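Beneath this line is the structure, given in structure tokens, with notes to follow.
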Amino acid sequence: MSAPHLDRWRPVATGVGRALVPVLLAFVVGGVVLAVTGQNPLEIYRLLLVEAFGGPSRVDATLAATTPLLFTAVAAAFAYRAGVFTIGAEGSFTLGGLAAAVVGAHVGGLPAVAAVTVSLLAACAAGVLVAVVPAVLRARWQVDEVVTTLMFNFIVAGVAGWAVQAFFQERGQANSATAYVADSARLEPFFPPDLTNAGLVIALLLVTGYTFWFRRTALGFEFRAVGATPRFAVAQGLRTRTVVVVALLGAGLAAGLGGGAHALGIVHRYTGGFSASFGFTGIAIALLARFNPVGMVVGAVLFGALNAAGSTIQLFVNLPIQLVDILQGTVMIFAVVQFVLPRLPSRQRAVPEAVVA
């Protein structure tokens with residue numbers, strides 16, 4: 001029998017372990033790729049480690065790259081807990097960033113707290129707006145949310161680009177970009193000229209809220225029940241449609257908030273290519289951690305470190321930036337495999353039962 005204090009930390013250790021195993025496997029694959037191309041894998045990985053954590057400025061870059069990934073990972077996990085597989089975090093993040101940038105540019109007369117709050121609320125509303133139609137289609141007519149949320153990402157990207165050029169384009173800008181947000185609406189860095197700002201605190205609070213939601217609230221229990229056994233949940237009279245709608249809208253809210261924090265804290269406006277696939281990477285992180293909050297933080301830091309180090313390591317060695325893409329893609333593959341494999345035996349057992357029935 002294990003001690004109670006060990007049981008308390010077991011989920012944390014499990015979450016960290018689940019997040020690290022696919023990463024280690026991906027680095028083995030990446031090492032083979034590097035060796036084939038004539039590079040020394042150990043030397044490259046040492047440089048990656050130094051560029052990600054080798055000093056205050058590099059840690060700052062890693063944390064700045066981690067922040068948007070925490071938002072989108074929570075967005076994905078929030079929906080997946082209810083058995084809803086949304087791909088729409090990318091669209092909500094994009095439109096949330098545009099809304100925050102536009103509102104933030106026009107609230108210069110407000111106190112800083114009010115200006116930031118109004119801008120982030122606009123970002124949340126925009127993120128929710130992106131998820132409304134997929135949520136209604138899924139809850140009312142059982143339309144596959146994977147397809148609708150994926151398609152909405154393209155729609156939102158097109159609408160955002162058109163809206164900037166038609167209504168919000170900053171004068172004198174050749175590229176598609178809005179005006180800079182007012183100084184009072186910015187999330188200022190903790191230690192200028194670094195980048196890490198209050199957006200990281202908001203992201204960590206969101207992770208904490210996600211944890212409390214599922215472990216301490218009645219609706220969180222319904223989420224787990226509907227996500228684990230949807231047919232049993234229907235038989236027990238649980239509000240499955242409500243859960244589906246809340247799951248998709250909540251995911252949109254979290255991703256939209258992330259876009260707003262990114263616009264106010266890092267970019268300070270909306271430009272073309274605003275999201276560097278943060279929504280899709282967040283899905284991988286959520287799967288990597290199997291929705292465990294500690295695992296998601298670890299996964300977001302790892303992906304943030306790869307992004308931060310990958311952009312500067314080319315200054316030291318003749319290394320293609322695509323190596324980072326290979327590593328990230330390999331981690332995603334192992335994450336999905338790790339998520340799906342435990343479910344295969346139950347599915348295989350379910351087939352004969354279905355046939356017999």
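Chain labels follow the order of the structure tokens: the first chain is A, the next B, and so on; residue numbering restarts at 1 in every chain, and ligands are counted from 1 in their shown order.
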
Which polymer residues have any atom within 12 Å of an atom of range 188-202 of chain A, counting only C-alpha atoms, with same-chain residues fewer than 6 positions away left out, as number ranges by chain?
A: 56-71, 112-113, 116-117, 120, 181-182, 208-209, 254, 257-268, 297, 300-301, 308

Any idea what's packed within 8 Å of Phe223 in chain A, counting only C-alpha atoms, ignoring anything in its chain fewer than 6 positions away? Could you give it as a list of chain:residue names?
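Answer for this query is A:Arg81, A:Ala82, A:Phe214, A:Val243.
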
Would you mind reading off the distance between CA of Val136 in chain A and CA of Val246 in chain A, one decimal, in Å?
10.5 Å

Using only C-alpha atoms, what table do you get, as JSON lines, when you list each residue of range 243-322 of chain A with an atom no more than 8 Å from range 41-51 of chain A, its nearest pair of atoms, and their distance in Å rounded to one decimal, rows by chain then rising number?
{"residue": "A:Leu306", "atom": "CA", "partner": "A:Leu48", "partner_atom": "CA", "distance": 7.4}
{"residue": "A:Ala308", "atom": "CA", "partner": "A:Glu51", "partner_atom": "CA", "distance": 7.4}
{"residue": "A:Ala309", "atom": "CA", "partner": "A:Glu51", "partner_atom": "CA", "distance": 4.8}
{"residue": "A:Gly310", "atom": "CA", "partner": "A:Leu48", "partner_atom": "CA", "distance": 7.1}
{"residue": "A:Thr312", "atom": "CA", "partner": "A:Glu51", "partner_atom": "CA", "distance": 7.2}
{"residue": "A:Ile313", "atom": "CA", "partner": "A:Leu48", "partner_atom": "CA", "distance": 6.7}

Would you mind listing, for every residue of range 133-221 of chain A within 8 Å of range 87-105 of chain A, the two atoms forming the shortest contact and the distance between them in Å to one decimal, using only C-alpha atoms, sorted by chain and ascending residue number, as a tab-separated table?
residue	atom	partner	partner_atom	distance
A:Val146	CA	A:Ile87	CA	6.0
A:Thr149	CA	A:Gly88	CA	4.5
A:Leu150	CA	A:Ile87	CA	5.3
A:Phe152	CA	A:Gly91	CA	6.7
A:Asn153	CA	A:Gly91	CA	4.3
A:Phe154	CA	A:Gly91	CA	7.5
A:Val156	CA	A:Gly91	CA	5.7
A:Ala157	CA	A:Gly91	CA	6.8
A:Ala160	CA	A:Leu95	CA	6.6
A:Phe168	CA	A:Val102	CA	7.2
A:Thr178	CA	A:Val102	CA	7.0
A:Ala179	CA	A:Ala105	CA	6.4
A:Tyr180	CA	A:Ala105	CA	6.0
A:Val181	CA	A:Ala105	CA	3.9
A:Ala182	CA	A:Ala105	CA	5.0
A:Ala185	CA	A:Gly104	CA	5.5
A:Arg186	CA	A:Gly104	CA	7.9

Selection export as a PDB file, in the first residue's frame, atoms kept: N, CA and C atoms:
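Saved to out-v3.pdb:
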ATOM      1  N   VAL A 146     -15.207  17.932 -36.128  1.00  0.00           N
ATOM      2  CA  VAL A 146     -13.836  17.979 -36.641  1.00  0.00           C
ATOM      3  C   VAL A 146     -13.818  18.698 -37.994  1.00  0.00           C
ATOM      4  N   THR A 149     -15.120  22.628 -37.567  1.00  0.00           N
ATOM      5  CA  THR A 149     -14.141  23.527 -36.935  1.00  0.00           C
ATOM      6  C   THR A 149     -12.905  23.703 -37.813  1.00  0.00           C
ATOM      7  N   LEU A 150     -12.513  22.636 -38.502  1.00  0.00           N
ATOM      8  CA  LEU A 150     -11.371  22.757 -39.421  1.00  0.00           C
ATOM      9  C   LEU A 150     -11.696  23.738 -40.545  1.00  0.00           C
ATOM     10  N   PHE A 152     -13.853  26.123 -40.515  1.00  0.00           N
ATOM     11  CA  PHE A 152     -14.003  27.479 -39.996  1.00  0.00           C
ATOM     12  C   PHE A 152     -12.651  28.166 -39.813  1.00  0.00           C
ATOM     13  N   ASN A 153     -11.597  27.394 -39.610  1.00  0.00           N
ATOM     14  CA  ASN A 153     -10.274  28.017 -39.535  1.00  0.00           C
ATOM     15  C   ASN A 153      -9.945  28.762 -40.829  1.00  0.00           C
ATOM     16  N   PHE A 154     -10.248  28.130 -41.965  1.00  0.00           N
ATOM     17  CA  PHE A 154      -9.976  28.772 -43.250  1.00  0.00           C
ATOM     18  C   PHE A 154     -10.898  29.971 -43.467  1.00  0.00           C
ATOM     19  N   VAL A 156     -12.289  31.868 -41.162  1.00  0.00           N
ATOM     20  CA  VAL A 156     -11.862  32.961 -40.277  1.00  0.00           C
ATOM     21  C   VAL A 156     -10.604  33.629 -40.804  1.00  0.00           C
ATOM     22  N   ALA A 157      -9.661  32.833 -41.282  1.00  0.00           N
ATOM     23  CA  ALA A 157      -8.431  33.423 -41.826  1.00  0.00           C
ATOM     24  C   ALA A 157      -8.746  34.360 -42.984  1.00  0.00           C
ATOM     25  N   ALA A 160     -10.690  37.496 -41.610  1.00  0.00           N
ATOM     26  CA  ALA A 160      -9.800  38.401 -40.875  1.00  0.00           C
ATOM     27  C   ALA A 160      -8.921  39.196 -41.841  1.00  0.00           C
ATOM     28  N   PHE A 168      -9.632  48.007 -41.247  1.00  0.00           N
ATOM     29  CA  PHE A 168      -8.725  48.281 -40.134  1.00  0.00           C
ATOM     30  C   PHE A 168      -7.270  48.480 -40.539  1.00  0.00           C
ATOM     31  N   THR A 178      -3.080  46.081 -38.673  1.00  0.00           N
ATOM     32  CA  THR A 178      -3.877  47.101 -38.006  1.00  0.00           C
ATOM     33  C   THR A 178      -2.951  48.119 -37.341  1.00  0.00           C
ATOM     34  N   ALA A 179      -3.569  49.151 -36.764  1.00  0.00           N
ATOM     35  CA  ALA A 179      -2.786  50.118 -35.988  1.00  0.00           C
ATOM     36  C   ALA A 179      -2.294  49.453 -34.707  1.00  0.00           C
ATOM     37  N   TYR A 180      -1.254  50.020 -34.123  1.00  0.00           N
ATOM     38  CA  TYR A 180      -0.760  49.503 -32.838  1.00  0.00           C
ATOM     39  C   TYR A 180      -1.773  49.807 -31.737  1.00  0.00           C
ATOM     40  N   VAL A 181      -1.867  48.913 -30.763  1.00  0.00           N
ATOM     41  CA  VAL A 181      -2.781  49.143 -29.652  1.00  0.00           C
ATOM     42  C   VAL A 181      -2.243  50.297 -28.801  1.00  0.00           C
ATOM     43  N   ALA A 182      -3.158  50.952 -28.092  1.00  0.00           N
ATOM     44  CA  ALA A 182      -2.762  52.073 -27.237  1.00  0.00           C
ATOM     45  C   ALA A 182      -1.836  51.581 -26.124  1.00  0.00           C
ATOM     46  N   ALA A 185      -3.436  49.824 -23.264  1.00  0.00           N
ATOM     47  CA  ALA A 185      -4.021  48.505 -23.521  1.00  0.00           C
ATOM     48  C   ALA A 185      -2.960  47.418 -23.645  1.00  0.00           C
ATOM     49  N   ARG A 186      -1.695  47.776 -23.508  1.00  0.00           N
ATOM     50  CA  ARG A 186      -0.630  46.778 -23.686  1.00  0.00           C
ATOM     51  C   ARG A 186      -0.366  46.004 -22.395  1.00  0.00           C
TER      52      ARG A 186
END

Which of range 214-300 of chain A counts as alpha helix (DSSP H) under DSSP, as an NGL selection string please?
:A and (214-216 or 218-228 or 230-235 or 240-262 or 278-288 or 293-300)

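For the atom pair formed by CA of Gly299 in chain A and CA of Val33 in chain A, the distance is 22.4 Å, given to one decimal.
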
Nearest residue to Asn307 in chain A out of A:Ala135, A:Val324, A:Ala255, A:Met332, using only C-alpha atoms?
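Distance minimum relative to Asn307 in chain A lands on A:Val324.
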
Could you name the residues that touch Ala125 in chain A at 8 Å or less, counting only C-alpha atoms, but leaving out those on the same chain fewer than 3 positions away, as a PyMOL selection string?
chain A and resi 96+121-122+128-129+253+256
